[in-house]
file data.txt (compact mmCIF, C-alpha atoms)
# COMPACT_ATOMS: atom_id res chain seq x y z
CA MET A 3 -29.77 24.42 -20.16
CA ALA A 4 -32.84 26.64 -19.88
CA MET A 5 -32.60 29.88 -21.82
CA ALA A 6 -35.11 32.57 -22.65
CA VAL A 7 -36.64 32.12 -26.09
CA GLU A 8 -38.50 34.83 -27.94
CA GLU A 9 -42.22 34.46 -28.42
CA PRO A 10 -42.79 32.31 -31.49
CA ARG A 11 -44.30 33.49 -34.73
CA LYS A 12 -47.75 31.98 -35.25
CA LEU A 13 -48.88 30.47 -38.54
CA ARG A 14 -52.63 30.33 -39.00
CA GLY A 15 -54.49 28.39 -41.66
CA HIS A 16 -55.77 25.16 -40.13
CA LYS A 17 -59.23 24.80 -38.62
CA SER A 18 -58.20 22.01 -36.26
CA THR A 19 -55.04 20.44 -34.79
CA ALA A 20 -51.88 20.58 -36.92
CA THR A 21 -50.41 17.10 -37.35
CA CYS A 22 -47.24 17.42 -39.42
CA CYS A 23 -44.82 19.97 -40.88
CA ILE A 24 -42.00 19.86 -43.44
CA ALA A 25 -39.57 22.53 -44.60
CA SER A 26 -38.02 23.02 -48.02
CA ARG A 27 -34.35 22.17 -48.60
CA ASP A 28 -34.28 24.19 -51.82
CA ARG A 29 -36.23 27.27 -50.78
CA PRO A 30 -35.45 28.48 -47.24
CA GLY A 31 -38.56 29.82 -45.56
CA LEU A 32 -40.99 27.52 -47.35
CA VAL A 33 -42.99 25.47 -44.81
CA VAL A 34 -45.85 23.07 -45.46
CA THR A 35 -48.17 21.81 -42.72
CA SER A 36 -51.04 19.33 -42.47
CA GLY A 37 -53.94 19.04 -40.08
CA GLU A 38 -56.83 17.02 -38.75
CA ASP A 39 -59.05 19.29 -40.85
CA GLY A 40 -57.96 17.36 -43.97
CA CYS A 41 -56.04 20.37 -45.30
CA VAL A 42 -52.46 21.16 -46.26
CA CYS A 43 -51.23 24.73 -45.73
CA TRP A 44 -48.39 26.22 -47.76
CA PHE A 45 -46.46 29.03 -46.02
CA ASP A 46 -43.70 31.35 -47.17
CA LEU A 47 -42.14 32.81 -44.02
CA ARG A 48 -41.25 35.97 -45.96
CA CYS A 49 -44.99 36.66 -46.18
CA LYS A 50 -47.53 37.28 -43.46
CA ASP A 51 -50.36 34.92 -44.39
CA VAL A 52 -50.77 31.38 -45.66
CA GLN A 53 -50.04 31.26 -49.42
CA PHE A 54 -52.63 28.63 -50.28
CA ILE A 55 -54.54 25.72 -48.79
CA ILE A 56 -54.96 22.29 -50.39
CA ASP A 57 -58.22 20.64 -49.40
CA VAL A 58 -57.23 16.96 -49.42
CA GLY A 59 -60.47 15.64 -47.93
CA THR A 60 -62.50 15.23 -44.76
CA GLU A 61 -60.13 12.90 -42.88
CA PRO A 62 -56.94 14.04 -41.10
CA VAL A 63 -53.75 14.35 -43.15
CA SER A 64 -51.25 12.43 -41.02
CA SER A 65 -47.95 12.94 -42.87
CA LEU A 66 -46.25 14.94 -45.64
CA CYS A 67 -43.13 14.72 -47.76
CA PHE A 68 -41.70 16.42 -50.82
CA LYS A 69 -40.57 14.53 -53.88
CA THR A 70 -36.80 14.59 -53.62
CA GLY A 71 -35.35 16.92 -56.25
CA ASN A 72 -38.73 18.41 -57.19
CA GLU A 73 -40.39 20.12 -54.27
CA ASN A 74 -43.31 21.24 -56.41
CA ILE A 75 -44.54 17.64 -56.00
CA LEU A 76 -46.01 16.98 -52.56
CA TYR A 77 -47.11 13.64 -51.08
CA ALA A 78 -49.76 13.55 -48.34
CA SER A 79 -51.03 10.53 -46.41
CA TYR A 80 -54.77 10.61 -45.89
CA GLY A 81 -56.41 7.65 -44.15
CA ASN A 82 -54.97 4.57 -45.85
CA GLU A 83 -54.24 6.51 -49.03
CA ILE A 84 -51.33 8.58 -50.34
CA LYS A 85 -52.08 11.47 -52.68
CA SER A 86 -49.60 13.51 -54.69
CA PHE A 87 -50.12 17.13 -55.80
CA ASP A 88 -48.28 19.39 -58.23
CA VAL A 89 -48.45 22.85 -56.71
CA GLN A 90 -47.36 24.51 -59.98
CA THR A 91 -50.16 23.21 -62.16
CA ALA A 92 -52.97 23.21 -59.60
CA SER A 93 -55.26 26.18 -59.13
CA ALA A 94 -56.76 27.56 -55.95
CA THR A 95 -60.15 26.17 -56.89
CA SER A 96 -59.06 22.73 -58.12
CA TRP A 97 -56.63 20.53 -56.24
CA LYS A 98 -56.96 17.34 -58.21
CA PRO A 99 -54.30 14.82 -57.15
CA LEU A 100 -51.65 13.79 -59.69
CA GLU A 101 -51.67 10.25 -58.30
CA SER A 102 -53.45 8.30 -55.59
CA TYR A 103 -51.93 5.16 -54.06
CA ASN A 104 -54.23 2.81 -52.15
CA TYR A 105 -51.89 -0.01 -51.17
CA ASN A 106 -52.00 0.32 -47.38
CA LYS A 107 -54.77 -1.64 -45.69
CA ASP A 108 -54.83 0.57 -42.61
CA GLU A 109 -54.23 4.21 -41.71
CA VAL A 110 -50.85 5.55 -42.85
CA ASN A 111 -48.74 7.13 -40.11
CA GLN A 112 -45.79 8.33 -42.18
CA VAL A 113 -44.83 8.64 -45.83
CA VAL A 114 -41.25 9.35 -46.99
CA CYS A 115 -39.45 9.61 -50.34
CA ASN A 116 -35.97 8.20 -50.97
CA GLY A 117 -32.97 10.25 -52.11
CA LYS A 118 -33.30 9.31 -55.78
CA SER A 119 -37.05 10.01 -55.76
CA SER A 120 -37.64 6.50 -57.09
CA PHE A 121 -39.51 5.04 -54.12
CA LEU A 122 -42.02 6.02 -51.45
CA ALA A 123 -42.34 4.17 -48.15
CA SER A 124 -45.56 4.28 -46.11
CA ALA A 125 -45.94 2.85 -42.60
CA ASP A 126 -49.41 1.97 -41.34
CA ASP A 127 -51.46 0.88 -38.34
CA SER A 128 -51.41 -2.79 -39.37
CA GLY A 129 -47.63 -2.86 -38.87
CA ASP A 130 -46.96 -3.13 -42.61
CA VAL A 131 -44.74 -0.88 -44.71
CA LYS A 132 -45.50 -0.45 -48.40
CA ILE A 133 -42.68 0.40 -50.82
CA ILE A 134 -44.11 2.16 -53.86
CA ASP A 135 -42.26 2.49 -57.17
CA ILE A 136 -42.84 6.11 -58.19
CA GLY A 137 -41.68 5.70 -61.79
CA GLN A 138 -43.77 2.62 -62.48
CA LYS A 139 -46.64 3.89 -60.30
CA CYS A 140 -47.08 0.52 -58.65
CA LEU A 141 -46.47 -1.42 -55.44
CA TYR A 142 -42.86 -2.65 -55.31
CA LYS A 143 -42.78 -4.59 -52.02
CA THR A 144 -44.68 -5.10 -48.78
CA LEU A 145 -42.57 -5.27 -45.63
CA ARG A 146 -44.50 -7.50 -43.25
CA ALA A 147 -44.02 -9.47 -40.02
CA GLY A 148 -41.37 -7.14 -38.64
CA HIS A 149 -43.83 -5.38 -36.33
CA THR A 150 -46.56 -6.94 -34.21
CA SER A 151 -48.31 -3.62 -33.64
CA ILE A 152 -48.69 -0.21 -35.29
CA CYS A 153 -45.73 0.86 -37.46
CA SER A 154 -45.38 4.51 -36.56
CA SER A 155 -42.27 5.62 -38.42
CA VAL A 156 -40.18 4.80 -41.49
CA GLN A 157 -37.02 6.30 -42.99
CA PHE A 158 -34.83 5.45 -45.95
CA ILE A 159 -31.11 5.14 -45.16
CA PRO A 160 -29.26 7.48 -47.58
CA TRP A 161 -26.00 5.50 -47.66
CA ARG A 162 -27.80 2.15 -48.01
CA PRO A 163 -30.00 2.62 -51.10
CA TRP A 164 -31.99 -0.61 -50.65
CA GLU A 165 -32.63 -0.38 -46.93
CA VAL A 166 -35.18 1.30 -44.66
CA LEU A 167 -35.49 1.61 -40.91
CA THR A 168 -38.88 1.32 -39.21
CA GLY A 169 -40.17 1.79 -35.68
CA GLY A 170 -43.37 0.68 -34.06
CA LEU A 171 -45.61 0.60 -31.02
CA ASP A 172 -44.26 -2.89 -30.32
CA SER A 173 -41.09 -1.12 -29.10
CA LYS A 174 -39.09 -2.49 -32.04
CA LEU A 175 -36.65 -0.86 -34.43
CA VAL A 176 -36.33 -2.92 -37.62
CA LEU A 177 -33.76 -2.71 -40.41
CA TRP A 178 -35.11 -3.98 -43.77
CA ASP A 179 -33.67 -4.86 -47.15
CA PHE A 180 -36.68 -3.73 -49.17
CA SER A 181 -35.33 -5.19 -52.43
CA LYS A 182 -35.88 -8.62 -50.84
CA GLY A 183 -38.75 -7.64 -48.57
CA ARG A 184 -36.97 -9.09 -45.54
CA SER A 185 -35.92 -7.76 -42.14
CA GLN A 186 -32.18 -7.75 -41.50
CA LYS A 187 -31.96 -6.82 -37.85
CA ILE A 188 -34.26 -6.00 -34.93
CA ILE A 189 -33.68 -4.07 -31.73
CA ASP A 190 -36.41 -4.74 -29.17
CA PHE A 191 -36.41 -1.80 -26.75
CA GLY A 192 -38.87 -3.68 -24.54
CA LEU A 193 -36.06 -6.11 -23.70
CA ASP A 194 -33.24 -3.64 -24.06
CA THR A 195 -30.64 -3.53 -21.29
CA HIS A 196 -29.25 -0.15 -22.45
CA ASN A 197 -32.13 1.85 -21.08
CA ASN A 198 -32.72 3.09 -17.56
CA ALA A 199 -35.57 1.09 -16.09
CA GLY A 200 -36.46 3.94 -13.74
CA GLN A 201 -36.85 6.50 -16.52
CA CYS A 202 -40.57 6.29 -17.13
CA LEU A 203 -43.46 3.89 -16.58
CA ASN A 204 -44.54 4.20 -20.21
CA PRO A 205 -43.50 1.45 -22.67
CA ALA A 206 -40.56 2.17 -24.96
CA PHE A 207 -42.78 2.53 -28.04
CA VAL A 208 -40.95 3.99 -31.05
CA HIS A 209 -42.80 7.15 -32.11
CA SER A 210 -40.33 8.73 -34.51
CA ILE A 211 -37.01 8.04 -36.27
CA ALA A 212 -34.59 10.57 -37.76
CA ILE A 213 -31.63 9.73 -40.00
CA PRO A 214 -29.05 12.34 -41.07
CA GLU A 215 -28.97 13.44 -44.67
CA ILE A 216 -25.95 12.27 -46.63
CA ASP A 217 -24.20 15.65 -46.32
CA MET A 218 -24.40 15.39 -42.52
CA VAL A 219 -22.76 11.97 -42.22
CA ASP A 220 -19.15 13.23 -42.21
CA ASN A 221 -19.89 15.19 -39.03
CA LEU A 222 -22.28 12.76 -37.34
CA ASP A 223 -21.25 9.31 -38.56
CA LYS A 224 -23.91 6.86 -39.74
CA ILE A 225 -26.40 7.16 -36.92
CA CYS A 226 -30.11 7.36 -36.31
CA ALA A 227 -32.15 9.06 -33.59
CA VAL A 228 -35.10 7.24 -32.02
CA ALA A 229 -37.88 8.99 -30.07
CA LYS A 230 -39.51 6.65 -27.58
CA GLY A 231 -42.50 6.42 -25.30
CA ASP A 232 -40.37 6.04 -22.17
CA GLY A 233 -39.10 9.60 -22.61
CA ILE A 234 -35.69 8.58 -23.93
CA VAL A 235 -34.10 9.65 -27.20
CA ASP A 236 -31.54 7.11 -28.39
CA LEU A 237 -28.70 7.97 -30.75
CA ILE A 238 -27.71 4.65 -32.34
CA ASN A 239 -24.80 3.89 -34.65
CA ILE A 240 -26.47 2.03 -37.50
CA GLU A 241 -23.26 0.43 -38.76
CA SER A 242 -22.24 -1.07 -35.41
CA GLU A 243 -25.58 -1.88 -33.75
CA LEU A 244 -27.59 -2.67 -36.88
CA SER A 245 -25.00 -4.45 -38.98
CA ARG A 246 -26.27 -7.09 -41.35
CA LYS A 247 -24.60 -9.90 -39.42
CA GLY A 248 -27.22 -11.90 -37.57
CA THR A 249 -30.98 -11.68 -37.63
CA SER A 250 -31.99 -9.85 -34.48
CA SER A 251 -30.68 -7.83 -31.58
CA LYS A 252 -32.40 -7.47 -28.25
CA GLY A 253 -30.26 -5.02 -26.35
CA SER A 254 -26.80 -5.99 -27.55
CA SER A 255 -23.91 -5.20 -25.26
CA SER A 256 -21.78 -2.21 -26.13
CA SER A 257 -18.68 -4.18 -25.09
CA SER A 258 -19.02 -6.36 -28.18
CA ASN A 259 -17.68 -3.59 -30.38
CA SER A 260 -13.96 -3.92 -31.01
CA ASN A 261 -13.60 -0.27 -32.03
CA THR A 262 -13.47 1.49 -28.66
CA ASN A 263 -13.62 4.93 -30.29
CA MET A 264 -16.97 4.25 -31.95
CA ILE A 265 -19.91 5.22 -29.77
CA LYS A 266 -22.59 2.62 -30.38
CA ARG A 267 -25.39 4.29 -28.49
CA VAL A 268 -26.12 7.43 -26.47
CA CYS A 269 -29.24 7.55 -24.29
CA LEU A 270 -30.59 11.06 -23.82
CA ASP A 271 -32.72 10.58 -20.73
CA TYR A 272 -33.83 12.61 -17.70
CA SER A 273 -30.34 12.32 -16.13
CA VAL A 274 -28.97 14.65 -18.85
CA GLY A 275 -31.99 16.99 -18.93
CA GLY A 276 -34.20 14.89 -21.18
CA HIS A 277 -37.96 14.39 -21.39
CA ASN A 278 -40.11 13.09 -18.54
CA ALA A 279 -42.91 11.85 -20.81
CA ALA A 280 -43.15 10.21 -24.23
CA VAL A 281 -41.06 11.76 -27.02
CA SER A 282 -43.21 12.25 -30.11
CA CYS A 283 -40.74 13.54 -32.70
CA VAL A 284 -37.04 13.95 -33.50
CA ALA A 285 -35.27 15.81 -36.31
CA PHE A 286 -31.70 16.77 -37.20
CA SER A 287 -31.16 20.50 -37.70
CA LEU A 288 -30.78 22.11 -41.11
CA PHE A 289 -29.78 25.49 -39.64
CA GLN A 290 -26.22 26.61 -38.83
CA GLU A 291 -23.87 23.65 -39.31
CA LYS A 292 -26.13 20.93 -40.75
CA GLY A 293 -26.79 18.18 -38.24
CA ARG A 294 -25.12 19.98 -35.36
CA PHE A 295 -28.30 19.79 -33.31
CA LEU A 296 -30.90 17.11 -32.70
CA ILE A 297 -34.34 18.50 -31.89
CA SER A 298 -36.83 16.44 -29.85
CA GLY A 299 -40.37 17.27 -28.81
CA GLY A 300 -42.57 15.45 -26.35
CA ASN A 301 -45.74 14.99 -24.36
CA ASP A 302 -44.09 16.85 -21.47
CA LYS A 303 -44.74 20.07 -23.43
CA THR A 304 -41.06 20.72 -24.08
CA VAL A 305 -38.73 20.90 -27.05
CA LYS A 306 -35.13 19.91 -26.37
CA ILE A 307 -32.23 20.97 -28.58
CA TRP A 308 -29.27 18.60 -28.19
CA ASP A 309 -25.69 19.24 -29.29
CA CYS A 310 -24.94 16.15 -31.37
CA PHE A 311 -21.22 16.89 -31.57
CA LYS A 312 -20.99 16.75 -27.78
CA CYS A 313 -23.24 13.68 -27.60
CA LEU A 314 -21.00 11.75 -30.00
CA ASP A 315 -17.69 12.92 -28.55
CA SER A 316 -16.23 9.92 -26.70
CA ASP A 317 -13.94 12.28 -24.75
CA ASN A 318 -16.83 14.37 -23.41
CA ASN A 319 -17.22 13.30 -19.80
CA ASN A 320 -19.31 16.30 -18.74
CA ARG A 321 -22.49 14.99 -20.41
CA ASP A 322 -23.54 18.60 -21.07
CA PHE A 323 -25.49 17.50 -24.13
CA LEU A 324 -28.50 19.82 -23.82
CA HIS A 325 -28.04 23.08 -25.72
CA LEU A 326 -31.49 24.58 -25.14
CA ASN A 327 -34.81 23.73 -23.53
CA ILE A 328 -38.05 25.35 -24.74
CA ASN A 329 -41.14 25.12 -22.53
CA LEU A 330 -44.45 25.03 -24.38
CA THR A 331 -48.07 25.08 -23.25
CA LYS A 332 -49.17 22.04 -25.28
CA LYS A 333 -47.86 18.60 -26.25
CA VAL A 334 -45.79 18.34 -29.44
CA ASN A 335 -47.20 16.48 -32.45
CA TRP A 336 -44.39 17.14 -34.92
CA LEU A 337 -41.51 19.48 -35.66
CA CYS A 338 -39.03 20.33 -38.40
CA THR A 339 -36.22 22.80 -39.12
CA ASN A 340 -35.17 24.94 -42.05
CA GLN A 341 -31.87 26.44 -43.20
CA SER A 342 -32.54 30.04 -42.15
CA ASP A 343 -30.61 31.92 -39.47
CA SER A 344 -33.91 32.86 -37.84
CA GLU A 345 -37.44 31.42 -37.80
CA ASN A 346 -35.78 28.03 -38.25
CA LEU A 347 -37.71 25.69 -35.93
CA VAL A 348 -41.32 24.85 -36.78
CA VAL A 349 -43.49 23.13 -34.16
CA CYS A 350 -46.93 21.56 -34.53
CA ASP A 351 -48.52 21.14 -31.10
CA THR A 352 -52.02 19.96 -30.25
CA THR A 353 -53.57 23.25 -31.41
CA ARG A 354 -54.41 24.49 -34.90
CA VAL A 355 -51.78 27.25 -34.72
CA VAL A 356 -48.25 26.32 -35.89
CA LYS A 357 -45.39 27.97 -33.99
CA VAL A 358 -42.07 29.12 -35.49
CA TYR A 359 -39.06 29.71 -33.21
CA SER A 360 -35.69 31.32 -33.88
CA ILE A 361 -32.80 29.17 -32.63
CA SER A 362 -29.21 30.36 -32.51
call {"tool": "encode", "arguments": {"input": "data.txt", "output": "structure tokens"}}
result
Amino acid sequence: MAMAVEEPRKLRGHKSTATCCIASRDRPGLVVTSGEDGCVCWFDLRCKDVQFIIDVGTEPVSSLCFKTGNENILYASYGNEIKSFDVQTASATSWKPLESYNYNKDEVNQVVCNGKSSFLASADDSGDVKIIDIGQKCLYKTLRAGHTSICSSVQFIPWRPWEVLTGGLDSKLVLWDFSKGRSQKIIDFGLDTHNNAGQCLNPAFVHSIAIPEIDMVDNLDKICAVAKGDGIVDLINIESELSRKGTSSKGSSSSSNSNTNMIKRVCLDYSVGGHNAAVSCVAFSLFQEKGRFLISGGNDKTVKIWDCFKCLDSDNNNRDFLHLNINLTKKVNWLCTNQSDSENLVVCDTTRVVKVYSIS
């Protein structure tokens, strides 16, 4: 459904392309962005200008995350390094990192913190994922041999405290038990019979994974969203498709599920108004009813807002999943949402100016 969207607010602070953005759960309106200029910009949407800029270094800052439960602590991936900053104690002239972790051998693509703020996970270009013990300030485990190419995305699973989900440019989605350092299950989208072969010529690389927060699960079930290079966004039921039984899955048949009411997978492709080029990012909405919408952004210069409740309704035969389509002028690098009623969708495209949209 194409609807008119107001001109976005523009956030200026970066000197080159913005790469990542995150929004506060505790303080609505607080947005932090990173860029290829090696800087992190801290915005308060109640104010006109950037609040302050952290000069991390000369290389691009590829990913950001807050420390869960203490959003004054910020983690930033920079090359093959992760740096943490305390924004309360730092001054505008001195941004000395609290900690620096140098466990990844190659460039880090994403860093995330678990719900108990006890572990960080960092996915890198070598295909490895490092699990870092925050309390002990040391490497806890290396997750290796799950991916044969770049590991682009990693997420902790809130209801499975010792498990993470990773995606890579080998078209694989891997479930790990990081306490043992072993993979539990693999979906290979390159061999996957679920997907429409005519969708897109691009490989089904996994570019981004989103998992609902624990307070969204009652409405959404235990699912994940996967943004792929073939233009498809998959909604996958983790408990049914990625159960711990067995070692790998290469396009398992949906008929194997005995619970006919449980939707195992929904493919949001061009037939339902989806992307016609690679999808670079997905995120569940924090605005309105938490998790109601799934937001996806792609190389087709569009942002799609999907109604998850309709997507997961087994009685919905209309397939009217798309709530809103936003046409942009540039490809999407990253996006996030906040809890506000307005100015609640933040988009980093391939420019240095970050855009903020109001979605209702």
call {"tool": "atom_distance", "arguments": {"input": "data.txt", "atom1": "atom CA of Gly192 of chain A", "atom2": "atom CA of Lys174 of chain A"}}
result
7.6 Å
call {"tool": "closest_residue", "arguments": {"input": "data.txt", "among": "A:Tyr359, A:Phe311, A:Phe207, A:Trp336", "to": "Cys23 of chain A", "atoms": "all atoms listed in the file"}}
result
A:Trp336
call {"tool": "residues_around", "arguments": {"input": "data.txt", "residues": "Leu145 of chain A", "least_positions_apart": "4", "cutoff": "7 Å", "atoms": "all atoms listed in the file", "output": "PyMOL selection string"}}
result
chain A and resi 130-132+183-184
call {"tool": "residues_around", "arguments": {"input": "data.txt", "residues": "segment 287-303 of chain A", "least_positions_apart": "4", "cutoff": "9 Å", "atoms": "only C-alpha atoms", "output": "ChimeraX atom specification"}}
result
/A:27,214-215,217-219,221-222,227,229,233,235,277-283,307-311,325,328-344,346-347,349,351,361-362
call {"tool": "atom_distance", "arguments": {"input": "data.txt", "atom1": "atom CA of Tyr80 of chain A", "atom2": "atom CA of Glu345 of chain A"}}
result
28.3 Å
call {"tool": "closest_residue", "arguments": {"input": "data.txt", "among": "A:Glu109, A:Asp190, A:Glu9, A:Glu101", "to": "Ser173 of chain A", "atoms": "all atoms listed in the file"}}
result
A:Asp190
call {"tool": "residues_around", "arguments": {"input": "data.txt", "residues": "segment 133-136 of chain A", "least_positions_apart": "3", "cutoff": "8 Å", "atoms": "all atoms listed in the file", "output": "ChimeraX atom specification"}}
result
/A:119-124,139-145,180
call {"tool": "closest_atom_pairs", "arguments": {"input": "data.txt", "of": "segment 113-230 of chain A", "to": "segment 63-75 of chain A", "cutoff": "7 Å", "atoms": "only C-alpha atoms", "output": "tab-separated table"}}
result
residue	atom	partner	partner_atom	distance
A:Val113	CA	A:Ser65	CA	6.1
A:Val114	CA	A:Cys67	CA	5.7
A:Cys115	CA	A:Lys69	CA	6.2
A:Asn116	CA	A:Thr70	CA	7.0
A:Gly117	CA	A:Thr70	CA	6.0
A:Lys118	CA	A:Thr70	CA	6.7
A:Ser119	CA	A:Thr70	CA	5.1
call {"tool": "atom_distance", "arguments": {"input": "data.txt", "atom1": "atom CA of Ile213 of chain A", "atom2": "atom CA of Ala285 of chain A"}}
result
8.0 Å
call {"tool": "closest_residue", "arguments": {"input": "data.txt", "among": "A:Ser151, A:Thr352, A:Thr168, A:Gln90", "to": "Ser185 of chain A", "atoms": "all atoms listed in the file"}}
result
A:Thr168
call {"tool": "residues_near_point", "arguments": {"input": "data.txt", "point": "(-41.4, 30.4, -34.9)", "cutoff": "6 Å", "atoms": "all atoms listed in the file", "output": "list in words"}}
result
Pro10, Arg11, Glu345, Val348, Lys357, Val358, Tyr359 and Ser360 of chain A
call {"tool": "write_last_selection", "arguments": {"input": "data.txt", "atoms": "C-alpha atoms", "output": "short mmCIF file (atom, residue, chain, number, x, y, z; two decimals), in the coordinates of the input"}}
result
data_model
loop_
_atom_site.label_atom_id
_atom_site.label_comp_id
_atom_site.auth_asym_id
_atom_site.auth_seq_id
_atom_site.Cartn_x
_atom_site.Cartn_y
_atom_site.Cartn_z
CA PRO A 10 -42.79 32.31 -31.49
CA ARG A 11 -44.30 33.49 -34.73
CA GLU A 345 -37.44 31.42 -37.80
CA VAL A 348 -41.32 24.85 -36.78
CA LYS A 357 -45.39 27.97 -33.99
CA VAL A 358 -42.07 29.12 -35.49
CA TYR A 359 -39.06 29.71 -33.21
CA SER A 360 -35.69 31.32 -33.88
#
call {"tool": "residues_around", "arguments": {"input": "data.txt", "residues": "Leu314 of chain A", "least_positions_apart": "6", "cutoff": "10 Å", "atoms": "only C-alpha atoms", "output": "CSV table (one decimal) with C-alpha atoms, in the frame of the given file"}}
result
chain,number,residue,atom,x,y,z
A,221,ASN,CA,-19.9,15.2,-39.0
A,222,LEU,CA,-22.3,12.8,-37.3
A,223,ASP,CA,-21.2,9.3,-38.6
A,225,ILE,CA,-26.4,7.2,-36.9
A,237,LEU,CA,-28.7,8.0,-30.8
A,239,ASN,CA,-24.8,3.9,-34.6
A,264,MET,CA,-17.0,4.2,-32.0
A,265,ILE,CA,-19.9,5.2,-29.8
A,266,LYS,CA,-22.6,2.6,-30.4
A,267,ARG,CA,-25.4,4.3,-28.5
A,268,VAL,CA,-26.1,7.4,-26.5
A,323,PHE,CA,-25.5,17.5,-24.1
call {"tool": "residues_around", "arguments": {"input": "data.txt", "residues": "Asn111 of chain A", "least_positions_apart": "4", "cutoff": "6 Å", "atoms": "all atoms listed in the file", "output": "list in words"}}
result
Ser64, Ala125, Asp126 and Ser154 of chain A
call {"tool": "closest_residue", "arguments": {"input": "data.txt", "among": "A:Ile234, A:Ala25, A:Leu177, A:Ala147", "to": "Phe191 of chain A", "atoms": "all atoms listed in the file"}}
result
A:Ile234
call {"tool": "decode", "arguments": {"input": "data.txt", "residues": "segment 13-24 of chain A", "atoms": "N, CA, C and O atoms", "output": "CSV table (one decimal), in the first residue's frame"}}
result
chain,number,residue,atom,x,y,z
A,13,LEU,N,18.9,14.7,10.1
A,13,LEU,CA,19.9,14.8,11.2
A,13,LEU,C,21.3,14.9,10.6
A,13,LEU,O,21.7,14.0,9.9
A,14,ARG,N,22.0,16.0,10.9
A,14,ARG,CA,23.3,16.2,10.4
A,14,ARG,C,24.3,16.2,11.4
A,14,ARG,O,24.1,16.7,12.5
A,15,GLY,N,25.5,15.6,11.1
A,15,GLY,CA,26.6,15.4,12.1
A,15,GLY,C,27.7,14.7,11.5
A,15,GLY,O,28.9,14.9,11.8
A,16,HIS,N,27.4,13.7,10.6
A,16,HIS,CA,28.5,12.9,9.9
A,16,HIS,C,29.0,13.7,8.7
A,16,HIS,O,28.4,14.5,8.0
A,17,LYS,N,30.3,13.4,8.5
A,17,LYS,CA,31.0,13.9,7.3
A,17,LYS,C,31.0,13.0,6.1
A,17,LYS,O,31.4,13.4,5.0
A,18,SER,N,30.6,11.8,6.3
A,18,SER,CA,30.5,10.8,5.2
A,18,SER,C,29.3,9.9,5.6
A,18,SER,O,28.7,10.0,6.6
A,19,THR,N,29.1,8.9,4.7
A,19,THR,CA,28.0,8.0,4.8
A,19,THR,C,27.7,7.4,6.2
A,19,THR,O,28.6,7.0,6.9
A,20,ALA,N,26.4,7.5,6.6
A,20,ALA,CA,26.0,6.9,7.9
A,20,ALA,C,25.8,5.4,7.7
A,20,ALA,O,25.2,5.0,6.7
A,21,THR,N,26.3,4.7,8.6
A,21,THR,CA,26.3,3.2,8.5
A,21,THR,C,25.3,2.5,9.4
A,21,THR,O,24.9,1.4,9.0
A,22,CYS,N,25.0,3.0,10.6
A,22,CYS,CA,24.2,2.3,11.5
A,22,CYS,C,23.5,3.3,12.4
A,22,CYS,O,23.9,4.5,12.6
A,23,CYS,N,22.3,2.9,13.0
A,23,CYS,CA,21.6,3.7,13.9
A,23,CYS,C,21.0,2.8,15.0
A,23,CYS,O,20.5,1.7,14.7
A,24,ILE,N,20.9,3.3,16.2
A,24,ILE,CA,20.2,2.7,17.3
A,24,ILE,C,19.4,3.7,18.1
A,24,ILE,O,19.7,4.9,18.1
